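Asker: So here's model32.txt (compact mmCIF, C-alpha atoms).
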# COMPACT_ATOMS: atom_id res chain seq x y z
CA MET U 751 12.19 -28.87 44.23
CA ASN U 752 8.90 -27.42 43.03
CA HIS U 753 5.84 -29.10 41.50
CA LEU U 754 7.53 -29.48 38.10
CA LEU U 755 9.72 -32.22 39.65
CA ARG U 756 12.53 -31.49 37.18
CA SER U 757 15.26 -32.85 39.41
CA LEU U 758 13.59 -36.30 39.40
CA ALA U 759 13.93 -36.68 35.63
CA PRO U 760 16.76 -38.81 34.21
CA ILE U 761 18.00 -35.80 32.27
CA SER U 762 21.47 -34.28 32.57
CA ASP U 763 22.08 -30.56 33.15
CA ALA U 764 23.14 -30.30 29.52
CA GLY U 765 19.97 -32.12 28.49
CA TRP U 766 17.73 -29.70 30.41
CA LYS U 767 19.60 -26.79 28.89
CA LEU U 768 19.00 -28.20 25.41
CA LEU U 769 15.29 -28.78 26.08
CA ASP U 770 14.75 -25.36 27.67
CA GLU U 771 16.45 -23.60 24.78
CA GLU U 772 14.52 -25.58 22.17
CA ALA U 773 11.20 -24.92 23.91
CA ARG U 774 11.95 -21.22 24.35
CA GLU U 775 12.87 -20.82 20.68
CA ARG U 776 9.79 -22.66 19.39
CA LEU U 777 7.41 -20.89 21.73
CA THR U 778 8.71 -17.38 21.23
CA GLY U 779 7.94 -17.46 17.52
CA ALA U 780 4.39 -18.72 17.95
CA LEU U 781 3.14 -16.87 21.06
CA ALA U 782 1.35 -14.16 19.11
CA ALA U 783 -0.95 -12.92 21.86
CA ARG U 784 1.98 -11.91 24.07
CA LYS U 785 3.29 -9.73 21.26
CA LEU U 786 0.08 -7.72 21.16
CA VAL U 787 -1.50 -7.59 24.63
CA ASP U 788 -0.40 -6.34 28.05
CA PHE U 789 1.45 -9.01 30.03
CA ALA U 790 1.54 -9.01 33.84
CA GLY U 791 3.49 -11.47 35.98
CA PRO U 792 4.52 -14.18 36.31
CA LEU U 793 2.87 -14.22 39.72
CA GLY U 794 3.67 -17.84 40.57
CA TRP U 795 2.01 -21.25 40.46
CA GLU U 796 0.19 -20.44 43.71
CA HIS U 797 -1.56 -17.44 42.14
CA SER U 798 -5.11 -18.61 41.45
CA ALA U 799 -7.27 -15.73 40.31
CA ALA U 800 -7.21 -12.24 38.80
CA ASN U 801 -8.86 -9.47 40.76
CA LEU U 802 -11.71 -7.88 38.79
CA GLY U 803 -12.46 -5.18 41.34
CA ARG U 804 -16.14 -6.08 41.36
CA ALA U 805 -18.49 -7.67 43.85
CA ALA U 806 -21.91 -9.31 43.47
CA GLN U 807 -24.67 -9.02 46.03
CA VAL U 808 -25.21 -12.24 47.97
CA ASP U 809 -28.78 -13.35 48.63
CA GLY U 810 -29.49 -13.55 52.29
CA THR U 811 -27.40 -12.45 55.22
CA PRO U 812 -25.77 -14.15 58.18
CA CYS U 813 -27.39 -11.57 60.42
CA GLU U 814 -30.35 -9.23 59.92
CA GLY U 815 -29.38 -5.65 59.13
CA VAL U 816 -26.14 -6.67 57.42
CA ASP U 817 -25.71 -6.84 53.66
CA ALA U 818 -23.30 -9.32 52.04
CA ALA U 819 -21.45 -9.15 48.73
CA GLN U 820 -19.01 -11.57 47.22
CA ARG U 821 -15.91 -10.56 45.27
CA SER U 822 -15.82 -11.48 41.59
CA VAL U 823 -12.54 -12.95 40.38
CA LEU U 824 -11.35 -14.57 37.18
CA PRO U 825 -9.73 -17.92 38.01
CA LEU U 826 -6.52 -18.74 36.17
CA VAL U 827 -6.63 -21.57 33.66
CA GLU U 828 -3.86 -24.18 33.59
CA LEU U 829 -2.74 -25.37 30.17
CA ARG U 830 -0.58 -28.46 29.87
CA SER U 831 0.75 -30.23 26.81
CA ASP U 832 2.39 -33.63 27.31
CA PHE U 833 5.06 -35.20 25.16
CA SER U 834 7.73 -37.85 25.43
CA LEU U 835 11.34 -38.00 24.32
CA SER U 836 13.55 -40.94 23.51
CA ARG U 837 16.24 -41.46 26.15
CA ASP U 838 18.58 -42.60 23.36
CA GLU U 839 18.15 -39.20 21.73
CA LEU U 840 18.86 -37.40 25.01
CA ARG U 841 22.01 -39.50 25.45
CA ALA U 842 23.04 -38.54 21.93
CA GLY U 843 22.62 -34.90 22.92
CA ASP U 844 24.87 -35.44 25.94
CA ARG U 845 27.56 -36.77 23.59
CA GLY U 846 27.31 -33.60 21.56
CA ALA U 847 24.99 -34.65 18.72
CA GLU U 848 23.74 -31.65 16.77
CA ASP U 849 20.64 -33.37 15.35
CA VAL U 850 18.82 -34.58 18.46
CA ASP U 851 15.22 -35.49 17.60
CA LEU U 852 13.08 -33.08 19.61
CA GLU U 853 10.08 -33.13 17.26
CA SER U 854 7.64 -34.15 20.00
CA LEU U 855 8.77 -31.16 22.11
CA ASP U 856 8.41 -28.88 19.08
CA GLU U 857 4.91 -30.21 18.42
CA SER U 858 3.98 -29.74 22.06
CA ALA U 859 5.24 -26.14 21.95
CA ARG U 860 3.18 -25.49 18.82
CA ARG U 861 0.07 -26.93 20.48
CA ILE U 862 0.30 -24.92 23.69
CA ALA U 863 1.19 -21.68 21.88
CA ARG U 864 -1.78 -22.21 19.57
CA ALA U 865 -4.02 -22.89 22.58
CA GLU U 866 -2.89 -19.66 24.27
CA ASN U 867 -3.49 -17.67 21.08
CA ILE U 868 -6.97 -19.15 20.61
CA ALA U 869 -7.93 -18.47 24.23
CA VAL U 870 -6.81 -14.84 23.97
CA PHE U 871 -8.19 -14.02 20.53
CA HIS U 872 -11.29 -16.21 20.34
CA GLY U 873 -11.95 -17.15 23.98
CA PHE U 874 -12.17 -20.33 25.99
CA ALA U 875 -15.64 -20.47 27.52
CA PRO U 876 -15.12 -23.52 29.79
CA ALA U 877 -12.43 -21.54 31.63
CA GLY U 878 -14.38 -18.28 31.63
CA ILE U 879 -12.08 -16.53 29.15
CA VAL U 880 -13.80 -14.17 26.74
CA GLY U 881 -11.53 -13.61 23.75
CA ILE U 882 -10.78 -10.39 21.92
CA THR U 883 -13.02 -11.14 18.93
CA GLU U 884 -15.87 -12.28 21.19
CA ALA U 885 -15.65 -9.21 23.39
CA SER U 886 -15.27 -6.72 20.54
CA SER U 887 -18.17 -4.29 20.21
CA GLN U 888 -16.96 -3.29 16.75
CA ASP U 889 -18.64 -4.59 13.59
CA PRO U 890 -16.43 -7.29 12.06
CA ILE U 891 -15.00 -6.67 8.60
CA ARG U 892 -15.03 -9.33 5.92
CA LEU U 893 -11.47 -10.13 4.88
CA SER U 894 -10.94 -9.97 1.12
CA GLU U 895 -10.01 -13.12 -0.72
CA ASP U 896 -7.16 -11.33 -2.52
CA PHE U 897 -4.22 -10.68 -0.25
CA ASP U 898 -3.36 -7.50 -2.12
CA ALA U 899 -6.74 -6.09 -1.01
CA TYR U 900 -5.84 -6.54 2.67
CA PRO U 901 -4.52 -2.97 3.08
CA GLY U 902 -8.03 -1.70 2.29
CA ASP U 903 -9.59 -4.04 4.87
CA VAL U 904 -7.06 -3.10 7.53
CA ALA U 905 -7.45 0.61 6.77
CA LYS U 906 -11.21 0.23 7.34
CA ALA U 907 -10.57 -1.45 10.70
CA VAL U 908 -8.16 1.30 11.74
CA GLU U 909 -10.71 3.91 10.70
CA GLN U 910 -13.38 2.19 12.83
CA LEU U 911 -11.06 2.29 15.84
CA ARG U 912 -10.13 5.94 15.31
CA ARG U 913 -13.79 6.91 14.91
CA VAL U 914 -14.57 5.76 18.47
CA GLY U 915 -11.46 7.41 19.90
CA ILE U 916 -9.23 4.35 20.19
CA ALA U 917 -5.72 5.66 19.66
CA GLY U 918 -2.89 3.85 17.92
CA PRO U 919 -0.46 2.48 17.19
CA TYR U 920 -2.36 -0.57 16.02
CA GLY U 921 -1.24 -4.18 15.77
CA LEU U 922 -2.39 -6.89 13.38
CA ALA U 923 -2.67 -10.59 14.25
CA LEU U 924 -2.82 -12.74 11.13
CA GLY U 925 -3.76 -16.41 11.06
CA THR U 926 -1.30 -18.71 9.34
CA GLY U 927 -2.93 -18.62 5.87
CA PRO U 928 -3.38 -14.84 5.72
CA TYR U 929 0.13 -14.27 7.13
CA THR U 930 1.74 -16.45 4.50
CA GLY U 931 -0.30 -14.74 1.81
CA VAL U 932 0.69 -11.29 3.02
CA ILE U 933 4.42 -11.90 3.10
CA GLU U 934 4.32 -13.41 -0.39
CA SER U 935 2.16 -10.73 -2.00
CA THR U 936 2.87 -7.53 -3.82
CA GLU U 937 0.35 -4.95 -4.94
CA HIS U 938 0.21 -3.46 -8.40
CA GLY U 939 3.43 -1.55 -8.76
CA GLY U 940 5.45 -4.09 -6.79
CA TYR U 941 4.79 -2.59 -3.36
CA LEU U 942 4.93 -5.30 -0.66
CA VAL U 943 1.57 -5.81 1.06
CA PHE U 944 3.42 -6.40 4.34
CA ASP U 945 5.10 -2.98 4.13
CA HIS U 946 1.87 -1.25 3.15
CA LEU U 947 0.07 -2.80 6.15
CA GLY U 948 2.90 -1.66 8.41
CA LYS U 949 2.45 1.94 7.26
CA ILE U 950 -1.31 1.84 7.89
CA LEU U 951 -0.95 0.31 11.34
CA ASP U 952 2.21 2.03 12.57
CA GLY U 953 2.56 -1.11 14.69
CA PRO U 954 3.44 -4.81 14.61
CA ILE U 955 2.19 -7.45 12.19
CA VAL U 956 2.23 -10.80 13.94
CA TRP U 957 1.92 -14.38 12.73
CA ALA U 958 -0.76 -15.83 15.00
CA PRO U 959 -1.26 -19.60 14.68
CA GLY U 960 -4.77 -20.49 15.80
CA VAL U 961 -6.30 -17.15 14.85
CA GLU U 962 -9.19 -17.33 12.38
CA GLY U 963 -8.78 -14.57 9.79
CA ALA U 964 -7.16 -11.53 11.37
CA VAL U 965 -7.58 -9.05 14.20
CA VAL U 966 -6.64 -5.37 14.33
CA LEU U 967 -6.17 -4.09 17.87
CA SER U 968 -4.89 -0.99 19.58
CA GLN U 969 -1.39 -1.08 21.02
CA ARG U 970 -1.83 1.95 23.29
CA GLY U 971 -1.96 -0.37 26.32
CA GLY U 972 -4.50 -1.04 29.06
CA ASP U 973 -7.11 -2.64 26.78
CA PHE U 974 -6.17 -6.34 26.79
CA LEU U 975 -4.86 -7.90 29.99
CA PHE U 976 -2.94 -11.18 30.15
CA GLU U 977 -2.07 -12.19 33.71
CA SER U 978 0.48 -14.95 34.05
CA GLY U 979 0.58 -17.20 37.10
CA GLN U 980 3.27 -19.70 36.20
CA ASP U 981 4.90 -18.73 32.95
CA LEU U 982 5.51 -21.50 30.42
CA SER U 983 7.70 -24.15 32.00
CA LEU U 984 8.94 -27.64 31.29
CA GLY U 985 8.01 -30.25 33.88
CA TYR U 986 8.68 -33.94 34.45
CA ASP U 987 5.96 -36.60 34.56
CA SER U 988 7.53 -40.07 34.45
CA HIS U 989 9.99 -42.28 32.59
CA ASP U 990 10.85 -45.86 31.71
CA GLY U 991 13.86 -47.44 30.06
CA ASP U 992 13.08 -46.01 26.65
CA ALA U 993 11.40 -42.67 27.09
CA VAL U 994 10.97 -39.67 29.38
CA ARG U 995 7.51 -38.16 29.60
CA LEU U 996 7.57 -34.39 30.07
CA TYR U 997 5.12 -31.54 29.64
CA LEU U 998 4.86 -27.86 28.94
CA GLU U 999 2.66 -26.01 31.37
CA GLU U 1000 1.45 -22.53 32.23
CA SER U 1001 -1.33 -20.82 34.14
CA PHE U 1002 -2.92 -17.53 33.12
CA SER U 1003 -6.05 -15.45 32.85
CA PHE U 1004 -7.05 -13.06 30.13
CA ARG U 1005 -9.66 -10.34 30.00
CA VAL U 1006 -10.64 -7.50 27.71
CA ALA U 1007 -10.89 -4.11 29.41
CA THR U 1008 -11.99 -2.10 26.35
CA ALA U 1009 -14.44 -3.90 24.09
CA GLU U 1010 -14.17 -1.33 21.29
CA ALA U 1011 -10.36 -1.51 21.03
CA ALA U 1012 -10.25 -4.37 18.49
CA VAL U 1013 -11.85 -5.22 15.14
CA ALA U 1014 -12.15 -8.79 13.87
CA LEU U 1015 -11.47 -9.42 10.18
CA THR U 1016 -13.32 -12.58 9.31
CA ALA U 1017 -12.22 -14.93 6.56
CA GLY U 1018 -14.46 -16.46 3.90
CA MET F 145 25.35 7.87 27.81
CA GLY F 146 27.77 5.06 28.51
CA PHE F 147 27.13 1.34 28.73
CA ASP F 148 28.83 0.72 32.05
CA GLN F 149 26.10 -1.55 33.35
CA TYR F 150 27.50 -4.33 31.19
CA HIS F 151 30.36 -6.26 32.70
CA GLU F 152 30.58 -8.61 29.73
CA PRO F 153 30.39 -7.78 25.98
CA PRO F 154 26.69 -6.83 25.42
CA GLY F 155 26.65 -8.75 22.15
CA GLU F 156 27.29 -11.98 24.03
CA LEU F 157 24.46 -11.37 26.49
CA ALA F 158 20.88 -12.54 26.00
CA PRO F 159 18.21 -9.77 25.83
CA ALA F 160 16.81 -10.87 29.21
CA THR F 161 20.25 -10.55 30.81
CA ARG F 162 20.72 -7.07 29.32
CA THR F 163 17.35 -6.01 30.71
CA PHE F 164 18.30 -7.46 34.08
CA ALA F 165 21.59 -5.51 34.04
CA ARG F 166 19.80 -2.28 33.11
CA LEU F 167 17.41 -2.64 36.02
CA CYS F 168 20.29 -3.46 38.39
CA ALA F 169 21.99 -0.23 37.25
CA SER F 170 18.73 1.66 37.71
CA LEU F 171 18.30 0.21 41.21
CA THR F 172 21.79 1.44 42.12
CA GLU F 173 21.06 4.92 40.79
CA GLU F 174 17.81 5.18 42.73
CA ALA F 175 19.55 4.09 45.94
CA GLU F 176 22.25 6.71 45.38
CA ALA F 177 19.63 9.39 44.79
CA ILE F 178 17.83 8.44 48.00
CA GLY F 179 21.11 8.84 49.88
CA TRP F 180 21.82 12.20 48.25
CA TYR F 181 18.39 13.59 49.16
CA GLU F 182 18.84 12.33 52.70
CA GLN F 183 22.07 14.32 52.98
CA ARG F 184 20.56 17.45 51.38
CA LEU F 185 17.57 17.27 53.73
CA ALA F 186 19.94 17.01 56.69
CA VAL F 187 21.55 20.36 55.89
CA GLU F 188 18.78 22.36 54.16
CA THR F 189 16.96 24.87 56.35
CA ASP F 190 14.53 26.43 53.85
CA SER F 191 11.19 24.70 54.51
CA ALA F 192 9.93 25.07 50.90
CA ALA F 193 13.13 23.55 49.53
CA ARG F 194 12.90 20.75 52.08
CA ALA F 195 9.32 19.98 51.01
CA ILE F 196 10.41 19.67 47.39
CA MET F 197 13.34 17.44 48.29
CA ARG F 198 11.13 15.25 50.45
CA ASP F 199 8.72 14.90 47.55
CA ALA F 200 11.60 14.07 45.18
CA GLN F 201 12.98 11.51 47.59
CA GLY F 202 9.54 9.90 47.69
CA GLU F 203 9.76 9.46 43.92
CA GLU F 204 13.11 7.74 44.33
CA PHE F 205 11.63 5.41 46.97
CA LYS F 206 8.97 4.46 44.42
CA HIS F 207 11.47 3.96 41.58
CA PHE F 208 13.77 1.89 43.78
CA SER F 209 10.87 -0.31 44.90
CA MET F 210 9.63 -0.86 41.34
CA ASP F 211 13.12 -1.78 40.13
CA LEU F 212 13.52 -4.16 43.04
CA GLU F 213 10.17 -5.84 42.48
CA PHE F 214 10.99 -6.36 38.79
CA LEU F 215 14.33 -7.96 39.62
CA LEU F 216 12.83 -10.16 42.32
CA ARG F 217 10.15 -11.40 39.92
CA ARG F 218 12.83 -12.42 37.46
CA THR F 219 15.05 -14.09 40.10
CA PRO F 220 13.15 -16.61 42.22
CA VAL F 221 16.09 -17.39 44.55
CA TRP F 222 16.66 -13.68 45.21
CA ARG F 223 12.93 -13.30 45.82
CA GLU F 224 12.92 -16.22 48.26
CA ILE F 225 15.81 -14.73 50.24
CA ALA F 226 14.18 -11.30 50.21
CA GLU F 227 10.90 -12.73 51.46
CA GLY F 228 12.74 -14.10 54.48
CA ILE F 229 14.23 -10.70 55.29
CA LEU F 230 11.93 -7.90 54.15
CA PHE F 231 9.09 -6.65 56.35
CA GLN F 232 9.97 -9.16 59.09
CA PRO F 233 10.25 -8.03 62.69
CA GLY F 234 13.30 -9.22 64.64
CA ASP F 235 16.99 -9.62 63.93
CA ILE F 236 17.81 -8.72 60.34
CA VAL F 237 21.12 -10.58 60.21
CA GLU F 238 19.55 -13.71 61.67
CA HIS F 239 16.72 -13.59 59.13
CA GLY F 240 19.28 -13.05 56.39
CA GLU F 241 21.32 -16.10 57.34
CA GLU F 242 18.23 -18.29 57.64
CA ALA F 243 16.71 -17.09 54.37
CA GLU F 244 19.96 -17.61 52.48
CA GLU F 245 20.43 -21.10 53.84
CA GLU F 246 16.86 -22.08 52.98
CA ALA F 247 16.92 -20.63 49.51
CA THR F 248 20.38 -21.69 48.38
CA GLY F 249 20.06 -25.06 50.09
CA GLU F 250 17.01 -25.74 47.96
CA ALA F 251 18.79 -24.44 44.90
CA VAL F 252 21.62 -26.92 45.36
CA GLU F 253 19.11 -29.70 45.89
CA GLU F 254 17.36 -28.66 42.68
CA ALA F 255 20.56 -29.27 40.71
CA THR F 256 18.93 -28.43 37.40
CA PRO F 257 20.18 -25.62 35.23
CA GLY F 258 18.42 -22.39 34.38
CA ASP F 259 15.76 -20.70 36.46
CA PRO F 260 15.21 -22.80 39.61
CA SER F 261 11.48 -22.20 39.25
CA GLY F 262 11.63 -24.14 35.97
CA SER F 263 10.16 -21.21 34.07
CA LEU F 264 11.40 -20.71 30.53
CA GLY F 265 11.40 -16.97 31.27
CA ILE F 266 9.48 -15.99 28.15
CA GLY F 267 7.22 -13.38 29.71
CA GLY F 268 5.71 -10.59 27.64
CA LEU F 269 6.82 -10.28 24.02
CA ARG F 270 5.65 -6.78 23.13
CA GLY F 271 8.10 -5.31 20.64
CA ARG F 272 8.99 -8.71 19.21
CA ALA F 273 6.80 -8.96 16.11
CA ALA F 274 6.51 -11.77 13.53
Starting from the file, give its structure as C-alpha cells.
Answerer:
Amino acid sequence: MNHLLRSLAPISDAGWKLLDEEARERLTGALAARKLVDFAGPLGWEHSAANLGRAAQVDGTPCEGVDAAQRSVLPLVELRSDFSLSRDELRAGDRGAEDVDLESLDESARRIARAENIAVFHGFAPAGIVGITEASSQDPIRLSEDFDAYPGDVAKAVEQLRRVGIAGPYGLALGTGPYTGVIESTEHGGYLVFDHLGKILDGPIVWAPGVEGAVVLSQRGGDFLFESGQDLSLGYDSHDGDAVRLYLEESFSFRVATAEAAVALTAG
Amino acid sequence: MGFDQYHEPPGELAPATRTFARLCASLTEEAEAIGWYEQRLAVETDSAARAIMRDAQGEEFKHFSMDLEFLLRRTPVWREIAEGILFQPGDIVEHGEEAEEEATGEAVEEATPGDPSGSLGIGGLRGRAA
C-alpha cells in the first residue's frame, strides 16, 4: 500500500474503477496545459525537485582556499483537492446504477485541473512557479472584443513569434469565455473562426479553464517543461457511516526554457 | 506494415494499452537486432565493417533501453521487480525470486483495481486538443 491508502477505503473494486474512470474522463478534457507543453514523468511521489543545471556561489567556505556553490533546484509543488462521496451512492453503483452522483468528484477534478492550468500559464509564486505569460518576453496583444476578429489577433501573435525565430507549429490556449465564443462564431462569409484559427496556427486550439484571455505558444518542443512527480491520483482520507472523504492529488514543477516562445493575448 | 503487436481487437483497446503494446513490440525488435548484430560481429573479419556493426549495435542498445524505461515507468509493478534485479551484484535468479515476491505480494495486498500506484495514468496529452 502506498501513501494514497486506497486499500483502506470502504470502496469496492468496482467502485474504485468507477471513480478512476470518472476522474480520468473529467480531468482529460480540462487539463489544457498538458496538451500544449512538454510533459516528463511521472517520476514518483518521492521525486522532490527538478534539476535546473545551475549553481549559486555560497558565501564563506568550510576551509580557506576552497570555494563552495550550491545547486539550484525547482521544488515540486503538491496540489490536492478534497471531496466526499455518499456511501449510499457508492453502494448504488455496486448494484449497477447508471446515475451515481459523483458531482463532488467532478467538481474536485475541475478545481485541480484549473489550478494546474493557472500555475502553468499564469504562475504560482508561492511555489516558485513562473507561468508562461509571466515569463514571456514578447509584448502582449490586446484581444479583440469581437470573436470574429480573433484570427487577426492570433496572426499578429504568430508573426511576433516568427520574427524572433520561434518556429511552429503553434498552439492556442483559450480561456472558457473566448473558447465558447470562438466555437460559436463565424466570420463574414460563414467561415468558422475556429477553422480559420487552425489554419493560422497549424496546431491545436485548446479549451483552457483558468486561463485569462488566450495564449499563443510554439509547439516545436523544448520551450515549456512540465515535470510530473506523482501524476494525478485518487487517494483516501477517511470515512464515517455516511460518507467517504477522498482527494485528487499530484506533484509537479513547471518552468519556461524559452521566454520568447509565447505571446499572451489579454482580454478587456 | 502489419498490426501484429495487438493480441486483441485494437478497437477494444484503450489508447494507453495500444501505446504499451507498440513499445513492447519495439522492445522485442530491438532485442532481436542486438542479437543479430552480435552474430554478425562474431563472423565478420573486415575491421571497418565490424566498426560499423558495433556502432549500429550501440544504437540498438540505446533504443532497447529507452523502450524499457518507458514501459517500466508505465508499469509500477514491473518497475519494482526490475529494480530488484537490474544492476545488482550477486545471484540473478535469487534476486528475481525475491523481487517478484516483494512486488506481487504487495500488489495482492493492495487489492485495488487499476494501476497499483493509484495513478490515473493521464500523463502528457500532446496531440489531444480541445
Asker: Would you work out the distance separating CA of Glu245 in chain F from CA of Met751 in chain U, expressed in Å to one decimal?
Answerer: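 It comes out at 14.9 Å.
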Asker: Could you list, as a ChimeraX atom specification, the residues of chain U having an atom within 7 Å of chain F when counting all atoms listed in the file?
Answerer: /U:751-752,757,763,766-767,770,774,784-786,789,954-957,981-984
Asker: Using only C-alpha atoms, which of the listed residues (F:Ala226, F:Val187, F:Ala175, F:Leu216) sits closest to Gly202 in chain F?
Answerer: F:Ala175
Asker: Could you jot down the CA of Gly931 in chain U to CA of Phe897 in chain U separation for me, Å, one decimal place?
Answerer: 6.0 Å
Asker: Which value, in Å to one decimal, gives the distance between CA of Leu996 in chain U and CA of Leu781 in chain U?
Answerer: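 Going from CA of Leu996 in chain U over to CA of Leu781 in chain U, I get 20.2 Å.
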Asker: Got a sec to check which residues sit within 12 Å of (-6.4, -18.7, 14.2), counting only C-alpha atoms, and write them as JSON, numbers by chain?
Answerer: {"U": [780, 781, 782, 783, 863, 864, 865, 866, 867, 868, 869, 870, 871, 872, 873, 881, 883, 923, 924, 925, 926, 927, 928, 929, 956, 957, 958, 959, 960, 961, 962, 963, 964, 965, 1014, 1015, 1016, 1017]}
Asker: If we count all atoms listed in the file, what is near Gly228 in chain F at a cut-off of 10 Å, once residues fewer than 2 positions away on the same chain are taken out, given as a list in words?
Answerer: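 Answer for this query is Arg223, Glu224, Ile225, Ala226, Leu230, Phe231, Gln232, Ile236, Glu238, His239, Gly240, Glu241, Glu242, Ala243, Glu244, Glu246 and Ala247 of chain F.
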Asker: Please list as a PDB file with C-alpha atoms, in the coordinates of the input every residue within 9 Å of Arg184 in chain F, counting all atoms listed in the file and excluding residues in the same chain fewer than 5 positions away.
Answerer:
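Result went into result_39.pdb, see below:
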ATOM      1  CA  GLY F 179      21.110   8.840  49.880  1.00  0.00           C
ATOM      2  CA  ARG F 194      12.900  20.750  52.080  1.00  0.00           C
ATOM      3  CA  MET F 197      13.340  17.440  48.290  1.00  0.00           C
TER       4      MET F 197
END
Asker: Can you tell me, as lines of an AutoDock Vina configuration file, the centre and edge lengths (Å, one decimal) of the axis-aligned box enclosing all of range 804-820 of chain U's listed atoms after padding each side by 8 Å?
Answerer:
center_x = -23.2
center_y = -9.9
center_z = 50.9
size_x = 30.2
size_y = 24.5
size_z = 35.1
Asker: Between U:Glu839, U:Asp973, U:Asp987, U:Asp832, single out the one closest to Phe1004 in chain U, counting all atoms listed in the file.
Answerer: U:Asp973
